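Student: The structure's right below; bear with me while I get my questions together.
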Number of protein chains: 2
Amino acid sequence: MSRPNRSRPTASIAAAPVFAALGDATRLALVSKLCGGQPRSISQLTEGSRLTRQAITKHLQVLQKARIVHSVRSGRESLFEFDPKPIDEIKQYLDFVSQQWDQTLSRLKSFVED
Amino acid sequence: MSRPNRSRPTASIAAAPVFAALGDATRLALVSKLCGGQPRSISQLTEGSRLTRQAITKHLQVLQKARIVHSVRSGRESLFEFDPKPIDEIKQYLDFVSQQWDQTLSRLKSFVED
DNA sequence: CTAATATGCAACCTGGAGGTTGCGAAAAGC
DNA sequence: GCTTTTCGCAACCTCCAGGTTGCATATTAG
């Protein structure tokens, strides 16, 4: 069988859409609200913002396409709830990057100490 | 003095530009190359890609504005090297999000067990 | 039933992201 | 000195993200 191939960068390029979804202050604020666990309706999520409900709706759909969030219809309102998997995945990618960099630093250190 | 104010979401909205900088497959590939520690010139970084050198240059400038990378001129070529701080910062934000979610799960668990 | 609430859908606008080409200038090779 | 390399700058193009307004529809309240 092929190598286990743990977290090589080529595969992690799939993380780009998740990063892109988080690359907006409005959407980051939405994630911060929803990761607390309580599902909230679009109107509730619009409440604090100066943006329109439709703008917030579009942002929520971007988050939903990145699977960071999903919606459940309940009566006349659609409730959005947080989904942790994509964020765990990009954390793995960032850990890979940090680890590569730390290896560089330790190689440099042992070279200087030599 | 004002509260220590550890990692509340409002402050972490400053992470949005860093996420945006990582929200592109080309730039993710550049980061993956550079986090290995070896500084590389623009031509070297263009080598594998199907894009133009100027396109790669623009991507590098985006990464540089997000402080994920910085350039040093050396003769006729400008070498880019990785900078770990912004990535550490967004890792902290993601840890905050995961932690919030985990607290929700444990609250739910203790409620069910009750 | 009627009114208020919550949402969906569609058209529209604007700015900037991502990419290209063309040209000029500085460094290095020969 | 002449020729490559390597890069920077600028103009230009296309497309979509982000935002708005307007209207239609379903659901709940009274």
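In the structure tokens, each chain is lettered A, B, ... as it comes, each chain's residues begin at 1, and ligands are numbered from 1 in order of appearance.
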Once chain A has been least-squares superposed onto chain B, matching all their Cα atoms in order, can you return it as a compact mmCIF listing (two decimals) with C-alpha atoms, in the first residue's frame?

Tutor:
```txt
# COMPACT_ATOMS: atom_id res chain seq x y z
CA MET A 1 -5.36 48.66 35.70
CA SER A 2 -7.68 47.11 33.16
CA ARG A 3 -8.30 43.42 33.10
CA PRO A 4 -5.63 41.18 31.57
CA ASN A 5 -8.35 40.28 29.09
CA ARG A 6 -6.81 37.15 27.66
CA SER A 7 -7.78 36.35 24.08
CA ARG A 8 -11.28 37.69 23.89
CA PRO A 9 -12.70 37.46 20.36
CA THR A 10 -12.92 41.20 19.79
CA ALA A 11 -9.16 41.54 19.90
CA SER A 12 -8.67 38.49 17.71
CA ILE A 13 -10.47 40.07 14.80
CA ALA A 14 -7.05 41.46 13.95
CA ALA A 15 -6.32 37.92 12.81
CA ALA A 16 -8.59 38.27 9.78
CA PRO A 17 -5.89 39.63 7.40
CA VAL A 18 -3.63 36.71 8.30
CA PHE A 19 -6.39 34.21 7.55
CA ALA A 20 -7.11 36.03 4.32
CA ALA A 21 -3.46 35.83 3.32
CA LEU A 22 -3.57 32.07 3.84
CA GLY A 23 -6.87 31.71 2.01
CA ASP A 24 -5.34 30.96 -1.37
CA ALA A 25 -3.85 27.69 -2.61
CA THR A 26 -0.89 29.37 -4.30
CA ARG A 27 0.06 31.28 -1.17
CA LEU A 28 -0.38 28.20 1.00
CA ALA A 29 2.09 26.40 -1.25
CA LEU A 30 4.53 29.28 -0.89
CA VAL A 31 4.23 29.14 2.88
CA SER A 32 4.78 25.40 2.81
CA LYS A 33 7.98 25.90 0.85
CA LEU A 34 9.32 28.74 2.96
CA CYS A 35 8.51 27.39 6.41
CA GLY A 36 11.25 24.83 5.85
CA GLY A 37 13.69 27.58 6.70
CA GLN A 38 15.64 27.98 3.46
CA PRO A 39 15.27 31.47 1.97
CA ARG A 40 14.33 31.40 -1.70
CA SER A 41 14.34 33.91 -4.54
CA ILE A 42 11.28 34.83 -6.55
CA SER A 43 12.53 32.84 -9.54
CA GLN A 44 13.03 29.78 -7.38
CA LEU A 45 9.56 30.13 -5.95
CA THR A 46 8.08 30.58 -9.41
CA GLU A 47 9.80 27.46 -10.73
CA GLY A 48 7.19 24.78 -10.02
CA SER A 49 4.16 26.96 -10.67
CA ARG A 50 2.25 27.49 -13.88
CA LEU A 51 1.83 31.14 -12.96
CA THR A 52 3.91 34.10 -14.05
CA ARG A 53 6.75 35.46 -11.97
CA GLN A 54 4.75 38.66 -11.49
CA ALA A 55 1.77 36.73 -10.17
CA ILE A 56 4.01 34.98 -7.66
CA THR A 57 5.49 38.35 -6.75
CA LYS A 58 2.03 39.69 -5.97
CA HIS A 59 1.25 36.69 -3.80
CA LEU A 60 4.51 37.18 -1.93
CA GLN A 61 3.64 40.80 -1.30
CA VAL A 62 0.29 39.76 0.14
CA LEU A 63 2.10 37.40 2.50
CA GLN A 64 4.55 40.13 3.35
CA LYS A 65 1.81 42.62 4.22
CA ALA A 66 0.42 40.00 6.60
CA ARG A 67 3.95 39.68 8.03
CA ILE A 68 4.02 35.97 7.35
CA VAL A 69 7.10 36.50 5.21
CA HIS A 70 9.75 39.14 4.63
CA SER A 71 12.26 39.80 1.87
CA VAL A 72 15.95 40.57 1.93
CA ARG A 73 17.73 41.90 -1.08
CA SER A 74 20.87 40.00 -2.00
CA GLY A 75 22.58 41.18 -5.15
CA ARG A 76 20.18 41.05 -8.04
CA GLU A 77 17.77 38.72 -6.30
CA SER A 78 15.43 39.26 -3.37
CA LEU A 79 15.22 36.36 -0.97
CA PHE A 80 12.05 35.62 0.96
CA GLU A 81 12.05 34.00 4.36
CA PHE A 82 9.35 32.77 6.69
CA ASP A 83 8.25 34.62 9.82
CA PRO A 84 6.33 32.54 12.41
CA LYS A 85 4.68 35.16 14.62
CA PRO A 86 1.41 35.78 12.76
CA ILE A 87 0.79 32.08 12.43
CA ASP A 88 1.34 31.61 16.14
CA GLU A 89 -1.22 34.33 16.77
CA ILE A 90 -3.95 32.78 14.66
CA LYS A 91 -3.20 29.43 16.27
CA GLN A 92 -4.03 31.10 19.58
CA TYR A 93 -7.34 32.29 18.16
CA LEU A 94 -8.17 28.82 16.86
CA ASP A 95 -7.29 27.35 20.23
CA PHE A 96 -9.72 29.78 21.81
CA VAL A 97 -12.48 28.68 19.43
CA SER A 98 -11.81 24.99 20.01
CA GLN A 99 -11.72 25.52 23.72
CA GLN A 100 -15.08 27.30 23.71
CA TRP A 101 -16.55 24.43 21.75
CA ASP A 102 -15.06 21.80 24.05
CA GLN A 103 -16.57 23.54 27.05
CA THR A 104 -19.93 23.31 25.34
CA LEU A 105 -19.48 19.60 24.76
CA SER A 106 -18.51 18.93 28.35
CA ARG A 107 -21.45 20.95 29.65
CA LEU A 108 -23.72 18.93 27.39
CA LYS A 109 -22.16 15.70 28.57
CA SER A 110 -22.60 16.48 32.26
CA PHE A 111 -26.18 17.48 31.55
CA VAL A 112 -26.94 14.16 29.88
CA GLU A 113 -25.19 12.21 32.62
CA ASP A 114 -27.24 14.01 35.23
```

Student: Would you mind writing down, as JSON, numbers by chain, each residue of segment 69-109 of chain B that DSSP on the backbone assigns to strand (DSSP E or B)?

Tutor: {"B": [69, 70, 71, 72, 73, 74, 77, 78, 79, 80, 81, 82]}

Student: Enumerate the residues of segment 7-103 of chain A with a DSSP assignment of helix (DSSP H, G or I), computed from the backbone, and present them as a PyMOL selection string.

Tutor: chain A and resi 9-22+25-34+42-46+53-65+85-103

Student: Work out how far apart atom C1' of DC1 of chain C and atom C1' of DT27 of chain D are and give it in Å to one decimal.

Tutor: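 Interatomic distance, atom C1' of DC1 of chain C to atom C1' of DT27 of chain D: 14.7 Å.
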
Student: Check the smallest atom-to-atom distance from each of C:DA28, C:DA4, C:DC23, C:DA17 to DA17 of chain D using only C-alpha atoms (C1' of nucleotides), then report the winner.

Tutor: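 Smallest separation from DA17 of chain D among the options: C:DA17.
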